[in-house]
Amino acid sequence: MSITGNKIRLLIADDHLVLLDGLVSLLKGEENFEIAATANDGEQVIELAGKNDYDICLLDINMPKVDGMEAARWLRSNKPQIKVIILTMHNEEEIIAEMLHIGVKGYVLKTCTRHELVSGINRVMNGKFFFSEEAQVTIMNDYINKSDPGKQPPGEVVVFTERENEILQLLAKGFTNDKIADRLRISFRTVETHRKNMMQKTKSHNVAGLLEHAYKKGLIKS
């Protein structure tokens, strides 16, 4: 049952307006759905969720200002009653694993059918998890590979988002947080948040440790 006791209130976030409009058109015809709000980036998601209540947030990963991963983390920490379903083109095992770690309830590829998306929303609303068929195959392949010692890569896999990678490259060039914020046209606070997330992922105590990890893993572009 939704927070209103009636329709499922949806917050839909995607930075591509054509895709966002398409999602709205696709879902607004469902009798038990209410398109309560839309957002074009993660900052808007956080702002809207901070002021209003929603049942489910359909969330793209690659968005400006604050990306989908950071927005998902904020929602899980600050508005855990909002169930997060990732709707994305990415089907990489590392990204899916990261989103599972964050605590999303669903992971659906944008190649899905209308029926699959509607079924996924209803399933998550009923307290279950939902992963599109292609994502399930990726998860199973990842599990099989990790279960086979001969295929298991050494060390823990750390996945950076597209925005984190941008910031990482600039940190490697000696840019300060202020200069990174100016270059990427984002806030100082957003840069700081991304930097802390990367340090947490790599278990680094400072930027030097983060960069050392990145160089060892070949993540720094020449």
# chains A, B, ... in the order shown; residues from 1 in each chain; ligands from 1
call {"tool": "closest_atom_pairs", "arguments": {"of": "range 43-94 of chain A", "to": "range 134-137 of chain A", "cutoff": "10 Å", "atoms": "only C-alpha atoms", "output": "tab-separated table"}}
result
residue	atom	partner	partner_atom	distance
A:His90	CA	A:Ala135	CA	9.1
A:Asn91	CA	A:Ala135	CA	6.1
A:Glu92	CA	A:Ala135	CA	8.4
A:Glu93	CA	A:Ala135	CA	8.3
call {"tool": "residues_around", "arguments": {"residues": "Lys51 in chain A", "least_positions_apart": "3", "cutoff": "12 Å", "atoms": "only C-alpha atoms", "output": "PyMOL selection string"}}
result
chain A and resi 37+44-48+54+78-79
call {"tool": "write_last_selection", "arguments": {"atoms": "N, CA and C atoms", "output": "PDB file, in the first residue's frame"}}
result
ATOM      1  N   ALA A  37       6.116  13.660  -9.205  1.00  0.00           N
ATOM      2  CA  ALA A  37       7.137  14.665  -9.516  1.00  0.00           C
ATOM      3  C   ALA A  37       8.154  14.072 -10.489  1.00  0.00           C
ATOM      4  N   GLN A  44      17.924  17.807  -7.752  1.00  0.00           N
ATOM      5  CA  GLN A  44      16.475  17.982  -7.718  1.00  0.00           C
ATOM      6  C   GLN A  44      15.807  16.823  -6.986  1.00  0.00           C
ATOM      7  N   VAL A  45      16.327  15.622  -7.182  1.00  0.00           N
ATOM      8  CA  VAL A  45      15.774  14.456  -6.472  1.00  0.00           C
ATOM      9  C   VAL A  45      15.867  14.664  -4.964  1.00  0.00           C
ATOM     10  N   ILE A  46      17.054  15.054  -4.509  1.00  0.00           N
ATOM     11  CA  ILE A  46      17.271  15.261  -3.074  1.00  0.00           C
ATOM     12  C   ILE A  46      16.388  16.390  -2.548  1.00  0.00           C
ATOM     13  N   GLU A  47      16.284  17.469  -3.323  1.00  0.00           N
ATOM     14  CA  GLU A  47      15.450  18.603  -2.901  1.00  0.00           C
ATOM     15  C   GLU A  47      13.985  18.199  -2.804  1.00  0.00           C
ATOM     16  N   LEU A  48      13.491  17.508  -3.816  1.00  0.00           N
ATOM     17  CA  LEU A  48      12.086  17.089  -3.822  1.00  0.00           C
ATOM     18  C   LEU A  48      11.796  16.082  -2.707  1.00  0.00           C
ATOM     19  N   TYR A  54       7.266  10.228  -1.246  1.00  0.00           N
ATOM     20  CA  TYR A  54       6.997   9.423  -2.432  1.00  0.00           C
ATOM     21  C   TYR A  54       7.102   7.960  -2.039  1.00  0.00           C
ATOM     22  N   ASN A  78      18.412   9.060   4.250  1.00  0.00           N
ATOM     23  CA  ASN A  78      17.539  10.110   4.771  1.00  0.00           C
ATOM     24  C   ASN A  78      16.046   9.864   4.556  1.00  0.00           C
ATOM     25  N   LYS A  79      15.692   9.120   3.515  1.00  0.00           N
ATOM     26  CA  LYS A  79      14.275   8.818   3.258  1.00  0.00           C
ATOM     27  C   LYS A  79      14.133   7.330   2.912  1.00  0.00           C
TER      28      LYS A  79
END
call {"tool": "select_by_dssp", "arguments": {"residues": "range 51-199 of chain A", "states": "helix (DSSP H, G or I)", "output": "ChimeraX atom specification"}}
result
/A:51,68-78,93-102,114-125,133-147,162-172,177-184,188-199
call {"tool": "closest_residue", "arguments": {"among": "A:Leu210, A:Leu26, A:Asn197, A:Arg183", "to": "Glu116 in chain A", "atoms": "only C-alpha atoms"}}
result
A:Leu26
call {"tool": "atom_distance", "arguments": {"atom1": "CA of Lys201 in chain A", "atom2": "CA of Arg163 in chain A"}}
result
14.5 Å
call {"tool": "residues_around", "arguments": {"residues": "Ile56 in chain A", "least_positions_apart": "2", "cutoff": "6 Å", "atoms": "only C-alpha atoms", "output": "ChimeraX atom specification"}}
result
/A:10,54,82-84
call {"tool": "closest_residue", "arguments": {"among": "A:Asp60, A:Asp67, A:Asp41, A:Asp21", "to": "Glu162 in chain A", "atoms": "only C-alpha atoms"}}
result
A:Asp67
call {"tool": "residues_around", "arguments": {"residues": "Glu98 in chain A", "least_positions_apart": "4", "cutoff": "9 Å", "atoms": "only C-alpha atoms", "output": "JSON list (two decimals) with N, CA and C atoms, in the first residue's frame"}}
result
[["chain", "number", "residue", "atom", "x", "y", "z"],
["A", 69, "MET", "N", 23.90, 7.46, -8.25],
["A", 69, "MET", "CA", 24.44, 6.70, -7.12],
["A", 69, "MET", "C", 24.42, 7.53, -5.84],
["A", 93, "GLU", "N", 28.43, -5.56, -14.18],
["A", 93, "GLU", "CA", 28.29, -6.24, -12.89],
["A", 93, "GLU", "C", 28.77, -5.37, -11.74],
["A", 94, "GLU", "N", 29.83, -4.55, -11.97],
["A", 94, "GLU", "CA", 30.36, -3.72, -10.88],
["A", 94, "GLU", "C", 29.33, -2.67, -10.45],
["A", 102, "ILE", "N", 24.31, -0.31, -1.96],
["A", 102, "ILE", "CA", 23.63, 0.90, -1.49],
["A", 102, "ILE", "C", 22.26, 0.54, -0.90],
["A", 103, "GLY", "N", 21.60, -0.45, -1.51],
["A", 103, "GLY", "CA", 20.31, -0.89, -0.98],
["A", 103, "GLY", "C", 19.11, -0.58, -1.85],
["A", 158, "VAL", "N", 36.70, -1.95, -7.08],
["A", 158, "VAL", "CA", 36.16, -0.65, -6.70],
["A", 158, "VAL", "C", 35.63, 0.03, -7.96],
["A", 159, "VAL", "N", 34.39, 0.48, -7.91],
["A", 159, "VAL", "CA", 33.76, 1.10, -9.07],
["A", 159, "VAL", "C", 33.51, 2.57, -8.79]]
call {"tool": "atom_distance", "arguments": {"atom1": "CA of Lys7 in chain A", "atom2": "CA of Ala36 in chain A"}}
result
10.1 Å
call {"tool": "residues_around", "arguments": {"residues": "Asp178 in chain A", "least_positions_apart": "5", "cutoff": "9 Å", "atoms": "only C-alpha atoms", "output": "JSON, numbers by chain"}}
result
{"A": [183, 187, 188, 191]}
